[in-house]
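Visitor: Here you go, one structure.
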Amino acid sequence: MRILLMLAATVLVFTACTPKEHEDPAFVLVKGGAFINTKSNLYRKGVMVSDFYIGRYEITQKEWKELMGVNPSKFKGDSLPIETVSWYDCIEYCNRRSVKEGLKPYYSISKIKDTVNKSEFDSLKYTVMIDVASKGYRMPSETEWEYAASGGQKSKSYTYSGSDTIDDVAWYWRNSGNSTLKGDWAWSLLEQNNCQTRPVGRKQPNELGLYDMSGNVREWCEDWYEDFEITRGLVRVQRGGGWIGAEYRCQSSNRHSFEASGLGPDQGLRLCRSR
Amino acid sequence: MKPNIKIFNKVAGKAAFVTIILFFVASMSLLTGCKKEEMPDQTAVESSSANQAKGSADVKSYQSGTNNGYFWSLWKDDQSGYVTYTNGSGGNYSVSWNYTGNFTCGKGWSTGSRTRRVGYNCGAFTNNGGGVFGYYGWTRSPLIEYYVNEKWGNNRPTSTDRRGSVSSDGGTYDIYTAMRYNAPSIDGTQTFRQVFSTRTSQAPTGQNRVITFANHANAWANVGLGLGSDISPAAILLTEAYGGSNGYVNATVWQQ
C-alpha cells in the first residue's frame, strides 16, 4: 500500500511539473538531444538541441489564406502547401498566427534596411529582430530543421526524412507529375508532365511523425546561410528539397539557400515553436 | 543569350548531365582527324538510322549522350518546324533547322574546366534569326551560366551590364553579365547569374580556332564575375537559336 501511495505521489508531482504540451495535434514535440543520425552534418559535432515543437505538415494554402487573406501559390488547392512565399512573407505569417492565438509574436519587422543584409538580389532587406523569450510561432532554425528531419532521438539514420527510398517519403521531380519521369532532369520534361506540389501528408511520415520533410516544397529556415564560401548576410537557409529539385536536394543533410525575397512555386514553410 | 524562359530551361537541362568516361586514346585519333583547315567533311555525317541510335535527329525536349568520347546534348521547346541534330565523326556535329521556337545543342565534355583550351572549326554557319555559337557551360556554388560567344545570328549578344573587355586568341571580347531571377533549376527555384564574353566581331568560318577559357574566366573574375567553385557540369561547343529562325551549322570541337 505504501509503495502504491508513493508511486501515485510521484506521478502527481511529475505531472504537475511537466509543462502543458502543445494542444494542436498538428504539432509534434521534438525531444532534444544530440544528433544520432549518422548521415547528419551535425552527427558527433557536440551540438545539443533543446526540445521544441514543429509542424507535422507544411503550412497549407487554407491555413495561409485564413490569416493572410491572399494565396500567392502557383498551384491552387486548400490542402496543397503554400508556395511562392518569400522569407519575409513567412515572418509575417508567423507573427499573425501568434497574435491570432494570443501569443507574443516572436519577430518584429521593420522596413528599415538591414545593414547585415549584403545580398545584391534581395530587393526588400527588411530588418527582422527576434524575441527569444517569446513562445510565438517562428521558423525552425537550420539546426532544428535538420534534427527533426533526421528523426531526432528516434532516428534510424535514413538518407531522406523517414526512409532510404525517396519515393516512400518525398514528392520530387520524378514523381510529382502525371507519370514517373526517367532519365535526366530537364525543366521542359517537368512542365510537360504537369509536375507540381501535392497535398500535404500523403507520403510516409518520418520517425517523429513529420510529413514531407523531404520534397513537396522547400522549407524556409530562420538562419542566414553560411558555409566556407558564402558569408553571413547573403542568403537565407531553405531545406528539404521540393517538387522541382533533384533527389540530392531532398536528403535530410542537404543544405541550400535562397535570397530572402526570392519566390518560387517550390518554396514554402513549416512552423515551429519553442517549448 | 536571349533573356527568356528558354534560357532557364536550357540551364536546367544542362543540370542533368550524366557522368561519362572519355575514351581518351580512341578520341585522340578521331580528334586529330578533325583538325582540318578546310570545312569539316560533310560526308562524315552519319546515316539517319545511325543517328537515331546515337540519340540524334529530330527529338523533342532534352536529350544527351556520348558520341566518340564527346558529350553531346540537344534541347528544344515544343514549337513548330524542325531541328535536325546529327553527330558526326570525332567532335563533329551538324544541325539544320527551320524552327519557330528555341533550341540549344552541341558537343563537348561532360565536365567543365577552368584551364581547357577549346579547339574548334566552324565549317559552316548560317543563322537567319536570333542565336549564338560558342563555348557554353555552367558552375555551381554559386550557379552561374557562362558563354564565350564566337558567332551569332541577326543580333550580337550583349546585355545592359557591360563590365569591360578581354583580348584572347587573336580576338577582342566584351564582357557582359545578366541576372536570371527566380528561375527553375535542378536545385529548385533559384536566382543565378549569366556571364559572357562576346567577340567584337564574328569569328571567321572554316578556320581552326582556339578558345583559351582561362583567359575569359580570369577576366571575369577581375571584374567581379568569378565563376562558382564547382565547374564539374558539362561544357559544350554550343549552337543556340531563338525567336524563330532558320539555319545550318557544321562544327567540330576538340581539346587543344
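Naming works like this for the C-alpha cells: A, B, ... for the chains as they're shown, residue 1 at the start of each chain, ligands 1 onward in shown order.
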Go through segment 92-142 of chain A and collect every residue that DSSP, computed from the backbone, puts in strand (DSSP E or B); the answer should be as a ChimeraX atom specification.
Guide: /A:107-113,126-130,137-138
Visitor: As a compact mmCIF listing (two decimals) with all heavy atoms, in the first residue's frame, could you give me every residue of chain A near chain B (at most 10 Å apart, counting only C-alpha atoms)?
Guide:
```
# COMPACT_ATOMS: atom_id res chain seq x y z
N THR A 84 5.44 29.98 -53.31
CA THR A 84 5.68 31.32 -53.86
C THR A 84 5.58 32.37 -52.75
O THR A 84 4.95 33.42 -52.91
CB THR A 84 4.72 31.63 -55.02
OG1 THR A 84 4.62 30.47 -55.88
CG2 THR A 84 5.25 32.76 -55.90
N PHE A 121 20.58 40.57 -54.54
CA PHE A 121 19.33 40.14 -55.15
C PHE A 121 18.11 40.39 -54.27
O PHE A 121 16.98 40.33 -54.75
CB PHE A 121 19.39 38.65 -55.48
CG PHE A 121 20.62 38.26 -56.25
CD1 PHE A 121 21.35 37.15 -55.89
CD2 PHE A 121 21.06 39.02 -57.32
CE1 PHE A 121 22.49 36.78 -56.60
CE2 PHE A 121 22.19 38.66 -58.03
CZ PHE A 121 22.92 37.54 -57.66
N TYR A 172 9.07 14.74 -55.50
CA TYR A 172 10.21 15.41 -56.11
C TYR A 172 10.01 15.34 -57.62
O TYR A 172 8.95 14.95 -58.10
CB TYR A 172 11.53 14.80 -55.65
CG TYR A 172 11.75 13.38 -56.08
CD1 TYR A 172 12.76 13.04 -56.97
CD2 TYR A 172 10.92 12.34 -55.61
CE1 TYR A 172 12.96 11.74 -57.38
CE2 TYR A 172 11.12 11.04 -56.03
CZ TYR A 172 12.14 10.75 -56.92
OH TYR A 172 12.32 9.45 -57.33
N TRP A 173 11.02 15.72 -58.39
CA TRP A 173 10.79 15.95 -59.81
C TRP A 173 10.31 14.72 -60.57
O TRP A 173 9.52 14.84 -61.51
CB TRP A 173 12.05 16.52 -60.46
CG TRP A 173 13.16 15.54 -60.71
CD1 TRP A 173 14.09 15.14 -59.82
CD2 TRP A 173 13.46 14.88 -61.94
NE1 TRP A 173 14.95 14.24 -60.40
CE2 TRP A 173 14.60 14.07 -61.70
CE3 TRP A 173 12.89 14.89 -63.22
CZ2 TRP A 173 15.17 13.29 -62.70
CZ3 TRP A 173 13.46 14.10 -64.21
CH2 TRP A 173 14.59 13.31 -63.95
N GLY A 183 15.29 9.12 -66.78
CA GLY A 183 16.36 9.83 -67.46
C GLY A 183 16.84 11.03 -66.69
O GLY A 183 16.78 11.05 -65.46
N ASP A 184 17.29 12.02 -67.44
CA ASP A 184 17.91 13.19 -66.82
C ASP A 184 16.90 14.29 -66.57
O ASP A 184 15.91 14.43 -67.29
CB ASP A 184 19.01 13.73 -67.74
CG ASP A 184 20.11 12.72 -67.95
OD1 ASP A 184 20.32 11.88 -67.05
OD2 ASP A 184 20.76 12.76 -69.01
N TRP A 185 17.21 15.11 -65.60
CA TRP A 185 16.35 16.24 -65.23
C TRP A 185 16.33 17.27 -66.37
O TRP A 185 17.39 17.63 -66.91
CB TRP A 185 16.90 16.89 -63.97
CG TRP A 185 16.01 17.91 -63.32
CD1 TRP A 185 15.20 17.71 -62.26
CD2 TRP A 185 15.86 19.29 -63.70
NE1 TRP A 185 14.54 18.87 -61.94
CE2 TRP A 185 14.92 19.86 -62.80
CE3 TRP A 185 16.40 20.10 -64.70
CZ2 TRP A 185 14.53 21.19 -62.86
CZ3 TRP A 185 16.01 21.43 -64.77
CH2 TRP A 185 15.09 21.96 -63.85
N ALA A 186 15.17 17.73 -66.72
CA ALA A 186 15.04 18.83 -67.68
C ALA A 186 13.73 19.55 -67.38
O ALA A 186 12.69 18.90 -67.23
CB ALA A 186 15.05 18.32 -69.12
N TRP A 187 13.78 20.84 -67.28
CA TRP A 187 12.60 21.60 -66.90
C TRP A 187 11.45 21.37 -67.87
O TRP A 187 10.29 21.28 -67.48
CB TRP A 187 12.95 23.07 -66.80
CG TRP A 187 11.75 23.94 -66.51
CD1 TRP A 187 11.27 24.96 -67.26
CD2 TRP A 187 10.88 23.85 -65.36
NE1 TRP A 187 10.16 25.50 -66.66
CE2 TRP A 187 9.90 24.85 -65.51
CE3 TRP A 187 10.84 23.02 -64.25
CZ2 TRP A 187 8.88 25.04 -64.56
CZ3 TRP A 187 9.81 23.20 -63.32
CH2 TRP A 187 8.86 24.21 -63.49
N SER A 188 11.79 21.25 -69.14
CA SER A 188 10.73 21.04 -70.13
C SER A 188 9.98 19.73 -69.85
O SER A 188 8.76 19.65 -70.06
CB SER A 188 11.32 21.02 -71.53
OG SER A 188 12.35 20.06 -71.61
N LEU A 189 10.69 18.73 -69.35
CA LEU A 189 10.03 17.46 -69.02
C LEU A 189 9.05 17.64 -67.87
O LEU A 189 7.94 17.10 -67.87
CB LEU A 189 11.07 16.40 -68.65
CG LEU A 189 12.03 15.95 -69.73
CD1 LEU A 189 12.99 14.90 -69.19
CD2 LEU A 189 11.27 15.40 -70.93
N GLU A 191 7.51 20.35 -67.03
CA GLU A 191 6.36 21.12 -67.50
C GLU A 191 5.38 20.23 -68.25
O GLU A 191 4.17 20.28 -68.02
CB GLU A 191 6.84 22.25 -68.40
CG GLU A 191 7.48 23.41 -67.66
CD GLU A 191 7.82 24.54 -68.61
OE1 GLU A 191 8.54 24.28 -69.59
OE2 GLU A 191 7.37 25.66 -68.36
N GLN A 192 5.93 19.43 -69.15
CA GLN A 192 5.06 18.56 -69.96
C GLN A 192 4.37 17.50 -69.12
O GLN A 192 3.29 17.03 -69.44
CB GLN A 192 5.88 17.90 -71.05
CG GLN A 192 6.33 18.87 -72.14
CD GLN A 192 7.48 18.33 -72.96
OE1 GLN A 192 7.78 17.15 -72.92
NE2 GLN A 192 8.15 19.21 -73.69
N VAL A 217 7.54 21.00 -50.96
CA VAL A 217 8.12 22.34 -51.09
C VAL A 217 9.35 22.45 -50.21
O VAL A 217 9.44 21.81 -49.16
CB VAL A 217 7.12 23.48 -50.71
CG1 VAL A 217 6.04 23.60 -51.75
CG2 VAL A 217 6.55 23.27 -49.32
N ARG A 218 10.27 23.25 -50.65
CA ARG A 218 11.45 23.58 -49.83
C ARG A 218 10.96 24.45 -48.67
O ARG A 218 10.04 25.25 -48.84
CB ARG A 218 12.48 24.32 -50.66
CG ARG A 218 12.88 23.56 -51.92
CD ARG A 218 13.94 24.30 -52.69
NE ARG A 218 13.46 25.59 -53.18
CZ ARG A 218 14.24 26.49 -53.76
NH1 ARG A 218 15.52 26.27 -53.90
NH2 ARG A 218 13.74 27.62 -54.19
N GLU A 229 32.30 29.37 -48.30
CA GLU A 229 32.45 30.40 -49.32
C GLU A 229 31.33 31.44 -49.34
O GLU A 229 31.47 32.49 -49.95
CB GLU A 229 32.56 29.77 -50.71
CG GLU A 229 31.33 28.97 -51.10
CD GLU A 229 31.46 28.38 -52.49
OE1 GLU A 229 32.53 28.55 -53.09
OE2 GLU A 229 30.51 27.75 -52.94
N ILE A 230 30.24 31.14 -48.70
CA ILE A 230 29.12 32.09 -48.65
C ILE A 230 29.03 32.67 -47.25
O ILE A 230 28.85 31.93 -46.27
CB ILE A 230 27.79 31.41 -49.04
CG1 ILE A 230 27.89 30.92 -50.49
CG2 ILE A 230 26.62 32.38 -48.88
CD1 ILE A 230 26.68 30.17 -50.98
N GLY A 241 14.35 20.21 -50.04
CA GLY A 241 14.05 19.94 -51.44
C GLY A 241 12.57 20.08 -51.74
O GLY A 241 11.74 20.16 -50.83
N GLY A 242 12.25 20.13 -52.99
CA GLY A 242 10.86 20.31 -53.39
C GLY A 242 10.55 19.54 -54.66
O GLY A 242 11.36 18.75 -55.14
N TRP A 243 9.37 19.80 -55.19
CA TRP A 243 8.88 19.03 -56.34
C TRP A 243 9.69 19.30 -57.60
O TRP A 243 9.65 18.51 -58.54
CB TRP A 243 7.40 19.31 -56.57
CG TRP A 243 7.10 20.74 -56.96
CD1 TRP A 243 6.85 21.78 -56.13
CD2 TRP A 243 7.04 21.28 -58.29
NE1 TRP A 243 6.64 22.93 -56.85
CE2 TRP A 243 6.75 22.65 -58.18
CE3 TRP A 243 7.20 20.72 -59.57
CZ2 TRP A 243 6.62 23.49 -59.29
CZ3 TRP A 243 7.07 21.55 -60.67
CH2 TRP A 243 6.78 22.92 -60.53
N ILE A 244 10.41 20.39 -57.65
CA ILE A 244 11.20 20.69 -58.85
C ILE A 244 12.57 20.03 -58.79
O ILE A 244 13.11 19.59 -59.79
CB ILE A 244 11.39 22.22 -59.00
CG1 ILE A 244 10.06 22.91 -59.27
CG2 ILE A 244 12.39 22.53 -60.10
CD1 ILE A 244 10.16 24.44 -59.36
N GLY A 245 13.13 19.97 -57.60
CA GLY A 245 14.56 19.67 -57.49
C GLY A 245 14.92 18.20 -57.57
O GLY A 245 14.07 17.31 -57.55
N ALA A 246 16.22 18.00 -57.63
CA ALA A 246 16.77 16.66 -57.77
C ALA A 246 16.74 15.90 -56.44
O ALA A 246 16.50 16.48 -55.38
CB ALA A 246 18.21 16.75 -58.26
N GLU A 247 17.02 14.61 -56.53
CA GLU A 247 16.99 13.74 -55.37
C GLU A 247 17.87 14.25 -54.25
O GLU A 247 17.48 14.24 -53.07
CB GLU A 247 17.43 12.31 -55.76
CG GLU A 247 16.42 11.56 -56.61
CD GLU A 247 16.55 11.81 -58.10
OE1 GLU A 247 17.04 12.90 -58.48
OE2 GLU A 247 16.16 10.95 -58.90
N TYR A 248 19.08 14.66 -54.59
CA TYR A 248 20.02 15.03 -53.53
C TYR A 248 19.51 16.21 -52.71
O TYR A 248 19.86 16.37 -51.55
CB TYR A 248 21.41 15.31 -54.11
CG TYR A 248 21.52 16.49 -55.02
CD1 TYR A 248 21.81 17.76 -54.52
CD2 TYR A 248 21.36 16.35 -56.39
CE1 TYR A 248 21.91 18.85 -55.37
CE2 TYR A 248 21.46 17.42 -57.23
CZ TYR A 248 21.73 18.67 -56.73
OH TYR A 248 21.83 19.75 -57.57
N ARG A 249 18.69 17.05 -53.31
CA ARG A 249 18.15 18.18 -52.56
C ARG A 249 17.14 17.73 -51.51
O ARG A 249 16.83 18.49 -50.60
CB ARG A 249 17.49 19.18 -53.52
CG ARG A 249 18.46 19.98 -54.35
CD ARG A 249 19.32 20.85 -53.46
NE ARG A 249 20.24 21.66 -54.22
CZ ARG A 249 21.37 22.17 -53.71
NH1 ARG A 249 21.70 21.93 -52.45
NH2 ARG A 249 22.16 22.91 -54.43
N CYS A 250 16.62 16.54 -51.64
CA CYS A 250 15.64 16.03 -50.69
C CYS A 250 16.28 15.29 -49.52
O CYS A 250 15.59 14.85 -48.60
CB CYS A 250 14.65 15.08 -51.39
SG CYS A 250 13.67 15.89 -52.66
N HIS A 256 20.80 24.17 -48.44
CA HIS A 256 20.60 25.02 -49.59
C HIS A 256 20.11 26.38 -49.14
O HIS A 256 19.85 26.60 -47.95
CB HIS A 256 19.61 24.37 -50.56
CG HIS A 256 19.77 24.86 -51.97
ND1 HIS A 256 20.99 25.19 -52.52
CD2 HIS A 256 18.87 25.09 -52.95
CE1 HIS A 256 20.82 25.59 -53.77
NE2 HIS A 256 19.54 25.55 -54.06
N SER A 257 19.96 27.29 -50.09
CA SER A 257 19.68 28.67 -49.71
C SER A 257 18.99 29.41 -50.84
O SER A 257 18.94 28.94 -51.98
CB SER A 257 20.98 29.38 -49.36
OG SER A 257 21.83 29.40 -50.50
N PHE A 258 18.49 30.59 -50.51
CA PHE A 258 17.80 31.42 -51.48
C PHE A 258 17.79 32.83 -50.89
O PHE A 258 17.77 32.97 -49.66
CB PHE A 258 16.37 30.91 -51.66
CG PHE A 258 15.68 31.30 -52.94
CD1 PHE A 258 16.38 31.87 -54.00
CD2 PHE A 258 14.32 31.07 -53.10
CE1 PHE A 258 15.73 32.20 -55.17
CE2 PHE A 258 13.66 31.39 -54.27
CZ PHE A 258 14.37 31.96 -55.31
N GLU A 259 17.80 33.84 -51.74
CA GLU A 259 17.72 35.18 -51.17
C GLU A 259 16.37 35.35 -50.50
O GLU A 259 15.36 34.80 -50.96
CB GLU A 259 17.96 36.26 -52.23
CG GLU A 259 16.99 36.29 -53.37
CD GLU A 259 17.49 35.44 -54.54
OE1 GLU A 259 18.37 34.60 -54.32
OE2 GLU A 259 16.99 35.61 -55.66
N SER A 261 14.10 37.47 -50.36
CA SER A 261 12.96 37.96 -51.13
C SER A 261 12.60 37.02 -52.28
O SER A 261 11.67 37.29 -53.03
CB SER A 261 13.26 39.36 -51.70
OG SER A 261 14.38 39.29 -52.57
N GLY A 262 13.35 35.93 -52.41
CA GLY A 262 13.13 35.00 -53.52
C GLY A 262 11.77 34.33 -53.46
O GLY A 262 11.24 34.06 -52.39
N LEU A 263 11.22 34.08 -54.63
CA LEU A 263 9.91 33.45 -54.74
C LEU A 263 10.00 32.27 -55.70
O LEU A 263 10.63 32.38 -56.74
CB LEU A 263 8.88 34.43 -55.28
CG LEU A 263 8.60 35.69 -54.47
CD1 LEU A 263 7.74 36.65 -55.27
CD2 LEU A 263 7.90 35.33 -53.16
N GLY A 264 9.36 31.20 -55.34
CA GLY A 264 9.31 30.07 -56.26
C GLY A 264 8.13 29.19 -55.94
O GLY A 264 7.68 29.13 -54.79
N PRO A 265 7.60 28.50 -56.94
CA PRO A 265 6.45 27.61 -56.70
C PRO A 265 6.83 26.35 -55.94
O PRO A 265 6.00 25.46 -55.78
CB PRO A 265 5.97 27.30 -58.12
CG PRO A 265 7.20 27.42 -58.95
CD PRO A 265 8.01 28.51 -58.34
N ASP A 266 8.08 26.28 -55.50
CA ASP A 266 8.53 25.13 -54.71
C ASP A 266 9.10 25.61 -53.37
O ASP A 266 9.89 24.92 -52.76
CB ASP A 266 9.61 24.35 -55.46
CG ASP A 266 10.83 25.19 -55.77
OD1 ASP A 266 10.73 26.44 -55.74
OD2 ASP A 266 11.90 24.61 -56.03
N GLN A 267 8.66 26.78 -52.93
CA GLN A 267 9.24 27.36 -51.72
C GLN A 267 8.14 27.65 -50.72
O GLN A 267 7.31 28.53 -50.96
CB GLN A 267 9.98 28.65 -52.06
CG GLN A 267 10.75 29.25 -50.90
CD GLN A 267 11.93 28.40 -50.48
OE1 GLN A 267 12.81 28.15 -51.28
NE2 GLN A 267 11.94 27.94 -49.24
```
Visitor: With a distance cut-off of 10 Å and only C-alpha atoms, select the neighbouring residues of Asn175 of chain A, excluding the residue or stretch itself and same-chain residues fewer than 3 positions from it, and output the selection as a PyMOL selection string.
Guide: chain A and resi 166-167+170-172+178-182+190+193+195-196+243
Visitor: Work out how far apart atom CA of Trp145 of chain A and atom CA of Leu269 of chain A are and give it in Å to one decimal.
Guide: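 The value is 11.3 Å.
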Visitor: Calculate how many Å separate atom CA of Ala124 of chain B from atom CA of Gly106 of chain B, rounding to one decimal.
Guide: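 Atom CA of Gly106 of chain B lies 14.2 Å from atom CA of Ala124 of chain B.
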Visitor: Rank nothing, just name the residue among B:Asn102, B:Thr86, B:Thr126, B:Asn68 nearest to Tyr248 of chain B, using only C-alpha atoms.
Guide: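 Looking at the shortest contact to Tyr248 of chain B, the residue is B:Thr126.
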Visitor: What lies within 7 Å of Gly131 of chain B using only C-alpha atoms, ignoring chain neighbours under 3 positions off, as a VMD selection string?
Guide: chain B and resid 152 to 153 240 to 242
Visitor: What does the file look like for those residues with all heavy atoms, as a compact mmCIF listing (two decimals), in the first residue's frame?
Guide:
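What ended up in selection.txt:
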```
# COMPACT_ATOMS: atom_id res chain seq x y z
N TRP B 152 27.14 34.70 -84.15
CA TRP B 152 25.74 34.91 -83.80
C TRP B 152 24.90 35.11 -85.05
O TRP B 152 25.44 35.24 -86.16
CB TRP B 152 25.60 36.09 -82.84
CG TRP B 152 26.32 37.34 -83.27
CD1 TRP B 152 25.86 38.34 -84.07
CD2 TRP B 152 27.66 37.69 -82.92
NE1 TRP B 152 26.82 39.29 -84.23
CE2 TRP B 152 27.93 38.94 -83.53
CE3 TRP B 152 28.66 37.10 -82.14
CZ2 TRP B 152 29.17 39.58 -83.40
CZ3 TRP B 152 29.89 37.74 -82.01
CH2 TRP B 152 30.12 38.97 -82.64
N GLY B 153 23.59 35.16 -84.84
CA GLY B 153 22.65 35.35 -85.94
C GLY B 153 22.46 36.82 -86.25
O GLY B 153 23.43 37.55 -86.48
N GLU B 240 22.88 27.72 -80.55
CA GLU B 240 21.62 28.08 -79.92
C GLU B 240 20.85 28.99 -80.86
O GLU B 240 21.44 29.85 -81.52
CB GLU B 240 21.91 28.80 -78.60
CG GLU B 240 20.68 29.37 -77.91
CD GLU B 240 21.03 30.05 -76.59
OE1 GLU B 240 22.23 30.16 -76.28
OE2 GLU B 240 20.11 30.48 -75.91
N ALA B 241 19.56 28.79 -80.92
CA ALA B 241 18.72 29.68 -81.74
C ALA B 241 17.43 29.97 -81.00
O ALA B 241 16.95 29.13 -80.23
CB ALA B 241 18.44 29.06 -83.10
N TYR B 242 16.89 31.15 -81.25
CA TYR B 242 15.66 31.51 -80.56
C TYR B 242 14.86 32.51 -81.38
O TYR B 242 15.40 33.17 -82.29
CB TYR B 242 15.95 32.09 -79.17
CG TYR B 242 17.10 33.06 -79.10
CD1 TYR B 242 17.00 34.35 -79.56
CD2 TYR B 242 18.32 32.64 -78.55
CE1 TYR B 242 18.06 35.23 -79.48
CE2 TYR B 242 19.39 33.51 -78.47
CZ TYR B 242 19.26 34.81 -78.93
OH TYR B 242 20.32 35.67 -78.85
```
Visitor: Counting only C-alpha atoms, which of A:Asp24, A:Tyr57, A:Ile36, A:Tyr225 gets nearest to Glu142 of chain A?
Guide: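 Between A:Asp24, A:Tyr57, A:Ile36, A:Tyr225, the residue approaching Glu142 of chain A most closely is A:Tyr225.
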Visitor: Could you work out how far atom CA of Asp174 of chain B lies from atom CA of Val249 of chain B, giving the answer in Å with one decimal?
Guide: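 Going from atom CA of Val249 of chain B over to atom CA of Asp174 of chain B, I get 23.8 Å.
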Visitor: Determine, counting only C-alpha atoms, which protein, DNA and RNA residues have an atom within 8 Å of an atom of segment 138-141 of chain A; residues of the same chain fewer than 5 positions away are not included. Present the result as an MDAnalysis selection string.
Guide: chainID A and resid 54 90:91 94:95 106:107 220:223 269:273
Visitor: Compare B:Gly134, B:Pro157, B:Gly247, B:Gly108 by their minimum atom-to-atom distance to Gly90 of chain B, counting only C-alpha atoms, and give me the closest one.
Guide: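 Checking each candidate against Gly90 of chain B, we get B:Gly108 as the closest.
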Visitor: Taking only C-alpha atoms into account, produce a table as a tab-separated table in which each residue of segment 70-180 of chain A with an atom at most 6 Å from an atom of segment 204-216 of chain A appears once, together with its shortest atom pair and the distance in Å to one decimal, ordered by chain and rising number.
Guide:
```
residue	atom	partner	partner_atom	distance
A:Ala149	CA	A:Met213	CA	5.9
A:Gly151	CA	A:Glu207	CA	5.1
A:Lys154	CA	A:Glu207	CA	5.9
A:Ser161	CA	A:Asn206	CA	5.5
A:Gly162	CA	A:Asn206	CA	3.6
A:Asp168	CA	A:Gln204	CA	6.0
A:Val169	CA	A:Gln204	CA	5.0
A:Ala170	CA	A:Gly215	CA	4.6
A:Trp171	CA	A:Asn216	CA	4.8
A:Tyr172	CA	A:Gly215	CA	5.4
```
Visitor: Please return, as a ChimeraX atom specification, all residues of segment 56-235 of chain A that DSSP assigns to helix (DSSP H, G or I) on the basis of the backbone.
Guide: /A:61-68,87-100,142-149,152-154,166-169,187-192
Visitor: Taking only C-alpha atoms into account, name the residue in A:Asn71, A:Ser252, A:Thr143, A:Asn37 that is nearest to Asp89 of chain A.
Guide: A:Asn71
Visitor: For segment 100-104 of chain A, list every protein, DNA or RNA residue within 9 Å, evaluated using only C-alpha atoms, and leave out those in the same chain fewer than 5 positions away; present the list as a PyMOL selection string.
Guide: chain A and resi 67+95+131+134-137
Visitor: Do a neighbour search on Thr127 of chain A at 9 Å with only C-alpha atoms, toss out local chain neighbours closer than 5 positions, and write the hits as a ChimeraX atom specification.
Guide: /A:108-117
Visitor: For the residues in that selection, give me N, CA, C and O atoms as a compact mmCIF listing (two decimals), in the first residue's frame.
Guide:
```
# COMPACT_ATOMS: atom_id res chain seq x y z
N SER A 108 9.91 40.87 -34.78
CA SER A 108 9.48 42.24 -35.06
C SER A 108 10.09 42.61 -36.40
O SER A 108 11.25 42.28 -36.69
N ILE A 109 9.31 43.27 -37.23
CA ILE A 109 9.73 43.56 -38.61
C ILE A 109 9.76 45.07 -38.82
O ILE A 109 8.81 45.77 -38.47
N SER A 110 10.84 45.54 -39.38
CA SER A 110 10.95 46.95 -39.73
C SER A 110 11.37 47.06 -41.18
O SER A 110 12.19 46.27 -41.66
N LYS A 111 10.81 48.05 -41.86
CA LYS A 111 11.20 48.23 -43.26
C LYS A 111 12.48 49.03 -43.41
O LYS A 111 12.91 49.34 -44.53
N ILE A 112 13.10 49.34 -42.29
CA ILE A 112 14.44 49.94 -42.34
C ILE A 112 15.39 48.88 -42.88
O ILE A 112 15.34 47.71 -42.49
N LYS A 113 16.27 49.29 -43.77
CA LYS A 113 17.16 48.32 -44.42
C LYS A 113 18.09 47.65 -43.40
O LYS A 113 18.70 48.32 -42.58
N ASP A 114 18.16 46.36 -43.50
CA ASP A 114 19.02 45.59 -42.62
C ASP A 114 20.47 45.76 -43.08
O ASP A 114 20.83 45.35 -44.19
N THR A 115 21.29 46.31 -42.22
CA THR A 115 22.68 46.58 -42.62
C THR A 115 23.50 45.31 -42.72
O THR A 115 24.56 45.29 -43.35
N VAL A 116 23.02 44.23 -42.10
CA VAL A 116 23.74 42.95 -42.21
C VAL A 116 23.49 42.32 -43.58
O VAL A 116 24.32 41.57 -44.09
N ASN A 117 22.37 42.66 -44.18
CA ASN A 117 21.97 42.04 -45.44
C ASN A 117 22.77 42.62 -46.60
O ASN A 117 22.58 43.77 -47.00
```
